[in-house]
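Peer 1: Below is the file protein-v8.pdb, with PDB, C-alpha atoms.
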MODEL        1
ATOM      1  CA  MET A   1     -14.177  62.189  55.656  1.00  0.00           C
ATOM      2  CA  PHE A   2     -17.572  62.791  57.250  1.00  0.00           C
ATOM      3  CA  LEU A   3     -16.861  60.010  59.770  1.00  0.00           C
ATOM      4  CA  TRP A   4     -13.648  61.725  60.893  1.00  0.00           C
ATOM      5  CA  PHE A   5     -15.546  64.983  61.400  1.00  0.00           C
ATOM      6  CA  ILE A   6     -18.149  63.215  63.566  1.00  0.00           C
ATOM      7  CA  LEU A   7     -15.407  61.456  65.561  1.00  0.00           C
ATOM      8  CA  ALA A   8     -13.599  64.767  66.128  1.00  0.00           C
ATOM      9  CA  LEU A   9     -16.829  66.380  67.385  1.00  0.00           C
ATOM     10  CA  LEU A  10     -17.475  63.455  69.738  1.00  0.00           C
ATOM     11  CA  THR A  11     -13.917  63.603  71.062  1.00  0.00           C
ATOM     12  CA  GLY A  12     -14.173  67.351  71.614  1.00  0.00           C
ATOM     13  CA  GLY A  13     -17.461  66.915  73.448  1.00  0.00           C
ATOM     14  CA  ALA A  14     -15.978  64.211  75.666  1.00  0.00           C
ATOM     15  CA  VAL A  15     -12.936  66.364  76.478  1.00  0.00           C
ATOM     16  CA  LEU A  16     -15.169  69.330  77.302  1.00  0.00           C
ATOM     17  CA  ALA A  17     -17.394  67.175  79.515  1.00  0.00           C
ATOM     18  CA  VAL A  18     -14.364  65.936  81.446  1.00  0.00           C
ATOM     19  CA  LEU A  19     -12.727  69.360  81.727  1.00  0.00           C
ATOM     20  CA  TRP A  20     -15.869  71.300  82.681  1.00  0.00           C
ATOM     21  CA  PRO A  21     -15.732  70.594  86.448  1.00  0.00           C
ATOM     22  CA  PHE A  22     -12.072  71.597  86.533  1.00  0.00           C
ATOM     23  CA  LEU A  23     -12.710  74.888  84.771  1.00  0.00           C
ATOM     24  CA  ARG A  24     -15.269  76.100  87.334  1.00  0.00           C
ATOM     25  CA  PRO A  25     -14.149  77.730  90.601  1.00  0.00           C
ATOM     26  CA  PRO A  26     -14.345  75.354  93.567  1.00  0.00           C
ATOM     27  CA  ALA A  27     -17.049  77.194  95.521  1.00  0.00           C
ATOM     28  CA  THR A  28     -18.030  74.155  97.582  1.00  0.00           C
ATOM     29  CA  ALA A  29     -14.562  73.786  99.121  1.00  0.00           C
ATOM     30  CA  ALA A  30     -14.525  77.417 100.301  1.00  0.00           C
ATOM     31  CA  ALA A  31     -18.037  77.059 101.737  1.00  0.00           C
ATOM     32  CA  GLY A  32     -16.975  73.873 103.538  1.00  0.00           C
ATOM     33  CA  ARG A  33     -13.976  75.602 105.118  1.00  0.00           C
ATOM     34  CA  ALA A  34     -16.166  78.506 106.269  1.00  0.00           C
ATOM     35  CA  HIS A  35     -18.633  76.050 107.814  1.00  0.00           C
ATOM     36  CA  ASP A  36     -15.792  74.206 109.613  1.00  0.00           C
ATOM     37  CA  ALA A  37     -14.434  77.480 111.008  1.00  0.00           C
ATOM     38  CA  ALA A  38     -17.921  78.431 112.280  1.00  0.00           C
ATOM     39  CA  VAL A  39     -18.273  75.046 114.004  1.00  0.00           C
ATOM     40  CA  TYR A  40     -14.878  75.452 115.684  1.00  0.00           C
ATOM     41  CA  ARG A  41     -15.772  78.963 116.899  1.00  0.00           C
ATOM     42  CA  ASP A  42     -18.987  77.551 118.402  1.00  0.00           C
ATOM     43  CA  GLN A  43     -16.944  74.863 120.144  1.00  0.00           C
ATOM     44  CA  LEU A  44     -14.696  77.554 121.651  1.00  0.00           C
ATOM     45  CA  ALA A  45     -17.810  79.363 122.952  1.00  0.00           C
ATOM     46  CA  GLU A  46     -19.099  76.099 124.465  1.00  0.00           C
ATOM     47  CA  ILE A  47     -15.785  75.521 126.232  1.00  0.00           C
ATOM     48  CA  ASP A  48     -16.001  79.027 127.784  1.00  0.00           C
ATOM     49  CA  ALA A  49     -19.597  78.312 128.863  1.00  0.00           C
ATOM     50  CA  ASP A  50     -18.670  74.912 130.330  1.00  0.00           C
ATOM     51  CA  GLN A  51     -15.771  76.475 132.272  1.00  0.00           C
ATOM     52  CA  ALA A  52     -18.048  79.239 133.594  1.00  0.00           C
ATOM     53  CA  ARG A  53     -20.576  76.648 134.844  1.00  0.00           C
ATOM     54  CA  GLY A  54     -17.774  74.641 136.457  1.00  0.00           C
ATOM     55  CA  LEU A  55     -18.167  71.519 134.321  1.00  0.00           C
ATOM     56  CA  ILE A  56     -14.495  71.501 133.331  1.00  0.00           C
ATOM     57  CA  ASP A  57     -11.473  72.909 135.089  1.00  0.00           C
ATOM     58  CA  LYS A  58      -9.083  75.560 133.771  1.00  0.00           C
ATOM     59  CA  ALA A  59      -6.408  73.074 132.520  1.00  0.00           C
ATOM     60  CA  GLU A  60      -8.916  70.996 130.538  1.00  0.00           C
ATOM     61  CA  ALA A  61     -10.446  74.146 129.047  1.00  0.00           C
ATOM     62  CA  GLN A  62      -7.039  75.431 127.993  1.00  0.00           C
ATOM     63  CA  SER A  63      -6.146  72.056 126.424  1.00  0.00           C
ATOM     64  CA  ALA A  64      -9.436  71.949 124.494  1.00  0.00           C
ATOM     65  CA  ARG A  65      -8.983  75.575 123.327  1.00  0.00           C
ATOM     66  CA  THR A  66      -5.482  74.743 122.081  1.00  0.00           C
ATOM     67  CA  GLU A  67      -6.738  71.726 120.136  1.00  0.00           C
ATOM     68  CA  ILE A  68      -9.622  73.653 118.557  1.00  0.00           C
ATOM     69  CA  SER A  69      -7.270  76.527 117.692  1.00  0.00           C
ATOM     70  CA  ARG A  70      -5.032  74.049 115.884  1.00  0.00           C
ATOM     71  CA  ARG A  71      -8.002  72.817 113.911  1.00  0.00           C
ATOM     72  CA  ILE A  72      -8.977  76.392 112.990  1.00  0.00           C
ATOM     73  CA  LEU A  73      -5.437  77.071 111.803  1.00  0.00           C
ATOM     74  CA  ALA A  74      -5.422  73.820 109.808  1.00  0.00           C
ATOM     75  CA  THR A  75      -8.590  74.769 107.940  1.00  0.00           C
ATOM     76  CA  GLY A  76      -7.142  78.213 107.236  1.00  0.00           C
ATOM     77  CA  GLU A  77      -3.865  76.742 105.899  1.00  0.00           C
ATOM     78  CA  ALA A  78      -5.579  74.091 103.819  1.00  0.00           C
ATOM     79  CA  GLY A  79      -7.771  76.640 102.128  1.00  0.00           C
ATOM     80  CA  GLY A  80      -5.531  79.687 102.095  1.00  0.00           C
ATOM     81  CA  PRO A  81      -6.283  81.942  99.140  1.00  0.00           C
ATOM     82  CA  GLY A  82      -2.738  82.238  97.781  1.00  0.00           C
ATOM     83  CA  LYS A  83      -1.791  78.598  98.061  1.00  0.00           C
ATOM     84  CA  SER A  84      -5.085  77.127  96.819  1.00  0.00           C
ATOM     85  CA  LYS A  85      -5.352  79.382  93.772  1.00  0.00           C
ATOM     86  CA  SER A  86      -1.865  78.556  92.500  1.00  0.00           C
ATOM     87  CA  SER A  87      -2.103  74.842  93.257  1.00  0.00           C
ATOM     88  CA  GLN A  88      -5.585  74.649  91.742  1.00  0.00           C
ATOM     89  CA  GLY A  89      -4.391  76.510  88.661  1.00  0.00           C
ATOM     90  CA  ALA A  90      -1.429  74.174  88.247  1.00  0.00           C
ATOM     91  CA  ALA A  91      -3.648  71.128  88.749  1.00  0.00           C
ATOM     92  CA  ARG A  92      -6.154  72.425  86.196  1.00  0.00           C
ATOM     93  CA  LEU A  93      -3.410  73.145  83.697  1.00  0.00           C
ATOM     94  CA  ALA A  94      -1.833  69.709  84.139  1.00  0.00           C
ATOM     95  CA  PHE A  95      -5.208  67.986  83.846  1.00  0.00           C
ATOM     96  CA  ALA A  96      -6.195  69.999  80.775  1.00  0.00           C
ATOM     97  CA  PHE A  97      -2.835  69.253  79.153  1.00  0.00           C
ATOM     98  CA  THR A  98      -3.277  65.526  79.802  1.00  0.00           C
ATOM     99  CA  VAL A  99      -6.871  65.363  78.583  1.00  0.00           C
ATOM    100  CA  VAL A 100      -6.123  67.364  75.438  1.00  0.00           C
ATOM    101  CA  CYS A 101      -2.926  65.462  74.637  1.00  0.00           C
ATOM    102  CA  LEU A 102      -4.510  62.029  75.152  1.00  0.00           C
ATOM    103  CA  PRO A 103      -6.687  62.111  71.993  1.00  0.00           C
ATOM    104  CA  ILE A 104      -3.825  63.603  69.982  1.00  0.00           C
ATOM    105  CA  ALA A 105      -1.429  60.874  71.163  1.00  0.00           C
ATOM    106  CA  SER A 106      -4.041  58.188  70.474  1.00  0.00           C
ATOM    107  CA  LEU A 107      -4.558  59.459  66.946  1.00  0.00           C
ATOM    108  CA  ALA A 108      -0.810  59.603  66.313  1.00  0.00           C
ATOM    109  CA  ILE A 109      -0.323  56.039  67.538  1.00  0.00           C
ATOM    110  CA  TYR A 110      -3.245  54.807  65.441  1.00  0.00           C
ATOM    111  CA  LEU A 111      -1.990  56.521  62.312  1.00  0.00           C
ATOM    112  CA  SER A 112       1.523  55.108  62.783  1.00  0.00           C
ATOM    113  CA  ALA A 113       0.608  51.567  63.889  1.00  0.00           C
ATOM    114  CA  GLY A 114      -2.923  51.151  62.570  1.00  0.00           C
ATOM    115  CA  ASN A 115      -4.242  50.837  59.069  1.00  0.00           C
ATOM    116  CA  PRO A 116      -7.099  53.267  58.363  1.00  0.00           C
ATOM    117  CA  SER A 117      -7.433  52.028  54.783  1.00  0.00           C
ATOM    118  CA  LEU A 118      -8.134  48.428  55.869  1.00  0.00           C
ATOM    119  CA  PRO A 119     -11.506  47.289  54.488  1.00  0.00           C
ATOM    120  CA  ASP A 120     -14.349  46.303  56.787  1.00  0.00           C
ATOM    121  CA  GLN A 121     -14.429  42.725  58.040  1.00  0.00           C
ATOM    122  CA  PRO A 122     -17.909  41.539  58.987  1.00  0.00           C
ATOM    123  CA  LEU A 123     -18.184  39.464  62.134  1.00  0.00           C
ATOM    124  CA  ALA A 124     -19.428  36.364  60.317  1.00  0.00           C
ATOM    125  CA  ALA A 125     -16.409  36.350  58.003  1.00  0.00           C
ATOM    126  CA  ARG A 126     -13.991  36.798  60.909  1.00  0.00           C
ATOM    127  CA  LEU A 127     -15.591  34.003  62.902  1.00  0.00           C
ATOM    128  CA  GLU A 128     -15.564  31.711  59.882  1.00  0.00           C
ATOM    129  CA  SER A 129     -11.865  32.279  59.251  1.00  0.00           C
ATOM    130  CA  ASN A 130     -10.860  31.933  62.912  1.00  0.00           C
ATOM    131  CA  GLU A 131     -10.398  28.227  63.592  1.00  0.00           C
ATOM    132  CA  THR A 132     -10.369  28.638  67.366  1.00  0.00           C
ATOM    133  CA  ASN A 133     -14.028  29.704  67.282  1.00  0.00           C
ATOM    134  CA  GLN A 134     -15.165  26.718  65.244  1.00  0.00           C
ATOM    135  CA  SER A 135     -16.830  23.801  66.945  1.00  0.00           C
ATOM    136  CA  ILE A 136     -15.073  20.479  67.387  1.00  0.00           C
ATOM    137  CA  ALA A 137     -17.597  18.822  65.105  1.00  0.00           C
ATOM    138  CA  ALA A 138     -16.737  21.267  62.287  1.00  0.00           C
ATOM    139  CA  LEU A 139     -13.024  20.671  62.781  1.00  0.00           C
ATOM    140  CA  VAL A 140     -13.509  16.876  62.802  1.00  0.00           C
ATOM    141  CA  ALA A 141     -15.520  17.196  59.585  1.00  0.00           C
ATOM    142  CA  LYS A 142     -12.609  19.069  57.973  1.00  0.00           C
ATOM    143  CA  VAL A 143     -10.150  16.360  59.057  1.00  0.00           C
ATOM    144  CA  GLU A 144     -12.491  13.633  57.772  1.00  0.00           C
ATOM    145  CA  ALA A 145     -12.781  15.388  54.400  1.00  0.00           C
ATOM    146  CA  ARG A 146      -8.986  15.604  54.214  1.00  0.00           C
ATOM    147  CA  LEU A 147      -8.616  11.907  55.109  1.00  0.00           C
ATOM    148  CA  ARG A 148     -11.128  10.944  52.379  1.00  0.00           C
ATOM    149  CA  GLU A 149      -8.912  12.771  49.880  1.00  0.00           C
ATOM    150  CA  HIS A 150      -5.655  11.434  51.374  1.00  0.00           C
ATOM    151  CA  PRO A 151      -6.378   8.067  53.061  1.00  0.00           C
ATOM    152  CA  ASP A 152      -2.644   7.346  53.491  1.00  0.00           C
ATOM    153  CA  ASP A 153      -2.090  10.328  55.819  1.00  0.00           C
ATOM    154  CA  GLY A 154      -0.962   8.554  58.978  1.00  0.00           C
ATOM    155  CA  LYS A 155      -0.603  11.763  60.985  1.00  0.00           C
ATOM    156  CA  GLY A 156      -4.222  12.691  60.203  1.00  0.00           C
ATOM    157  CA  TRP A 157      -5.446   9.300  61.485  1.00  0.00           C
ATOM    158  CA  ASP A 158      -3.195   9.634  64.527  1.00  0.00           C
ATOM    159  CA  VAL A 159      -4.630  13.084  65.352  1.00  0.00           C
ATOM    160  CA  VAL A 160      -8.300  12.307  64.806  1.00  0.00           C
ATOM    161  CA  ALA A 161      -8.326   8.953  66.656  1.00  0.00           C
ATOM    162  CA  PRO A 162      -8.132  10.399  70.231  1.00  0.00           C
ATOM    163  CA  VAL A 163     -10.732  13.022  69.295  1.00  0.00           C
ATOM    164  CA  TYR A 164     -13.128  10.275  68.193  1.00  0.00           C
ATOM    165  CA  LEU A 165     -12.465   8.529  71.486  1.00  0.00           C
ATOM    166  CA  ARG A 166     -13.300  11.671  73.538  1.00  0.00           C
ATOM    167  CA  LEU A 167     -16.436  12.276  71.488  1.00  0.00           C
ATOM    168  CA  GLY A 168     -17.648   8.747  72.221  1.00  0.00           C
ATOM    169  CA  ARG A 169     -17.393   7.602  68.597  1.00  0.00           C
ATOM    170  CA  TYR A 170     -15.669   4.354  69.611  1.00  0.00           C
ATOM    171  CA  GLY A 171     -16.039   2.507  66.296  1.00  0.00           C
ATOM    172  CA  ASP A 172     -14.535   5.431  64.372  1.00  0.00           C
ATOM    173  CA  ALA A 173     -11.787   5.698  66.998  1.00  0.00           C
ATOM    174  CA  ALA A 174     -10.895   2.014  66.620  1.00  0.00           C
ATOM    175  CA  ASP A 175     -10.751   2.361  62.808  1.00  0.00           C
ATOM    176  CA  ALA A 176      -8.614   5.514  63.081  1.00  0.00           C
ATOM    177  CA  PHE A 177      -6.192   3.870  65.545  1.00  0.00           C
ATOM    178  CA  GLU A 178      -5.976   0.833  63.273  1.00  0.00           C
ATOM    179  CA  GLN A 179      -5.136   3.034  60.264  1.00  0.00           C
ATOM    180  CA  ALA A 180      -2.545   4.989  62.318  1.00  0.00           C
ATOM    181  CA  ILE A 181      -0.888   1.723  63.454  1.00  0.00           C
ATOM    182  CA  ARG A 182      -0.876   0.424  59.863  1.00  0.00           C
ATOM    183  CA  LEU A 183       0.603   3.631  58.404  1.00  0.00           C
ATOM    184  CA  LEU A 184       2.876   4.935  61.184  1.00  0.00           C
ATOM    185  CA  GLY A 185       3.736   1.790  63.066  1.00  0.00           C
ATOM    186  CA  ALA A 186       2.902   0.470  66.501  1.00  0.00           C
ATOM    187  CA  SER A 187       3.280   2.525  69.676  1.00  0.00           C
ATOM    188  CA  ALA A 188       2.017   2.146  73.221  1.00  0.00           C
ATOM    189  CA  ALA A 189      -0.340   5.155  72.892  1.00  0.00           C
ATOM    190  CA  ARG A 190      -1.848   3.827  69.666  1.00  0.00           C
ATOM    191  CA  TYR A 191      -2.344   0.336  71.076  1.00  0.00           C
ATOM    192  CA  SER A 192      -3.890   1.618  74.302  1.00  0.00           C
ATOM    193  CA  GLY A 193      -6.292   3.794  72.320  1.00  0.00           C
ATOM    194  CA  TYR A 194      -7.118   0.919  69.971  1.00  0.00           C
TER     195      TYR A 194
ENDMDL
END
Output the file's structure as structure tokens, nothing else.

Peer 2:
Amino acid sequence: MFLWFILALLTGGAVLAVLWPFLRPPATAAAGRAHDAAVYRDQLAEIDADQARGLIDKAEAQSARTEISRRILATGEAGGPGKSKSSQGAARLAFAFTVVCLPIASLAIYLSAGNPSLPDQPLAARLESNETNQSIAALVAKVEARLREHPDDGKGWDVVAPVYLRLGRYGDAADAFEQAIRLLGASAARYSGY
């Protein structure tokens, strides 16, 4: 029971750490928009100064003013107070709902599909029982022990003979192929291996 309490505290801490940036007001975005607007106003002043000095003509100045005015309007629309507050609130709510529901859904799936009462399985015991993790030498030793108990097992000789051949144990491979031919009969694969 103590473990579940610790896990719940850790999950709550992780959820809070993820949600914390979304719960704070986005002050940096508003400051960035204000900075952009100030830069655009400075550009408008530079265009007026350039036109007064005669560096650009009236048509170019008007075109540049129009483009900068569009940019000013775009920053105002992107960061408008009514639109940003509602969209940010909806985004925060959706994110909070997802982050809170994710641990609950995970726990429900685990309780329905998992087995919390399953006893621990140490790594050594799992590796020992998993035959895919055993070395070829250990598997060959198991087959050899079986063939000592059942020397008339033709399939066993037929399986272990090519393994002996790949391992470079040519004498054992020849004996195994000979036993397989004697017990199971002749075949092209057995003769070529022999």

Peer 1: Give me the residues within 12 Å of A:Ala64 as a PyMOL selection string, counting all atoms listed in the file and dropping any in the same chain fewer than 6 places off.

Peer 2: chain A and resi 40+43-48+50-51+56-58+70-71

Peer 1: Please evaluate the PyMOL selection byres ((chain A and resi 174) around 12) against the structure above and give the resulting residues as a list in words.

Peer 2: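 With the shown file as input, the PyMOL selection byres ((chain A and resi 174) around 12) matches Trp157, Asp158, Val160, Ala161, Pro162, Val163, Tyr164, Leu165, Gly168, Arg169, Tyr170, Gly171, Asp172, Ala173, Asp175, Ala176, Phe177, Glu178, Gln179, Ala180, Ile181, Arg190, Tyr191, Ser192, Gly193 and Tyr194 of chain A.
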
Peer 1: Rounded to one decimal, what separation in Å do you get between atom CA of A:Gly185 and atom CA of A:Lys142?

Peer 2: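 It comes out at 24.3 Å.
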
Peer 1: How many Å lie between atom CA of A:Ala14 and atom CA of A:Leu118, rounded to one decimal?

Peer 2: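 Taking atom CA of A:Ala14 and atom CA of A:Leu118, their separation equals 26.5 Å.
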
Peer 1: Find the distance between atom CA of A:Leu19 and atom CA of A:Ala105 and write it in Å to one decimal.

Peer 2: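 So the answer is 17.6 Å.
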
Peer 1: A:Arg148, A:Leu167, A:Tyr110, A:Gly13: which is nearest A:Ile136, counting all atoms listed in the file?

Peer 2: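 Going through A:Arg148, A:Leu167, A:Tyr110, A:Gly13 one by one, the smallest distance to A:Ile136 is for A:Leu167.
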
Peer 1: Name the residues in contact with stretch 91-101 of chain A at a cut-off of 9 Å, using all atoms listed in the file, excluding same-chain residues fewer than 6 positions from it; report them as JSON, numbers by chain.

Peer 2: {"A": [12, 15, 18, 19, 22, 23]}

Peer 1: For those residues, write C-alpha atoms to a file as an mmCIF file, in the coordinates of the input.

Peer 2:
data_model
loop_
_atom_site.group_PDB
_atom_site.id
_atom_site.type_symbol
_atom_site.label_atom_id
_atom_site.label_comp_id
_atom_site.auth_asym_id
_atom_site.auth_seq_id
_atom_site.Cartn_x
_atom_site.Cartn_y
_atom_site.Cartn_z
ATOM 1 C CA GLY A 12 -14.173 67.351 71.614
ATOM 2 C CA VAL A 15 -12.936 66.364 76.478
ATOM 3 C CA VAL A 18 -14.364 65.936 81.446
ATOM 4 C CA LEU A 19 -12.727 69.360 81.727
ATOM 5 C CA PHE A 22 -12.072 71.597 86.533
ATOM 6 C CA LEU A 23 -12.710 74.888 84.771
#

Peer 1: Using all atoms listed in the file, which of the listed residues (A:Gly114, A:Phe5, A:Val140, A:Asp36) sits closest to A:Ala74?

Peer 2: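 Among the listed residues, the smallest separation from A:Ala74 belongs to A:Asp36.
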
Peer 1: Assuming 8 Å of padding per side, give the centre and edge lengths of the axis-aligned box around every listed atom of stretch 5-22 of chain A, in Å to one decimal and as lines of an AutoDock Vina configuration file.

Peer 2:
center_x = -15.1
center_y = 66.5
center_z = 74.0
size_x = 22.1
size_y = 26.1
size_z = 41.1
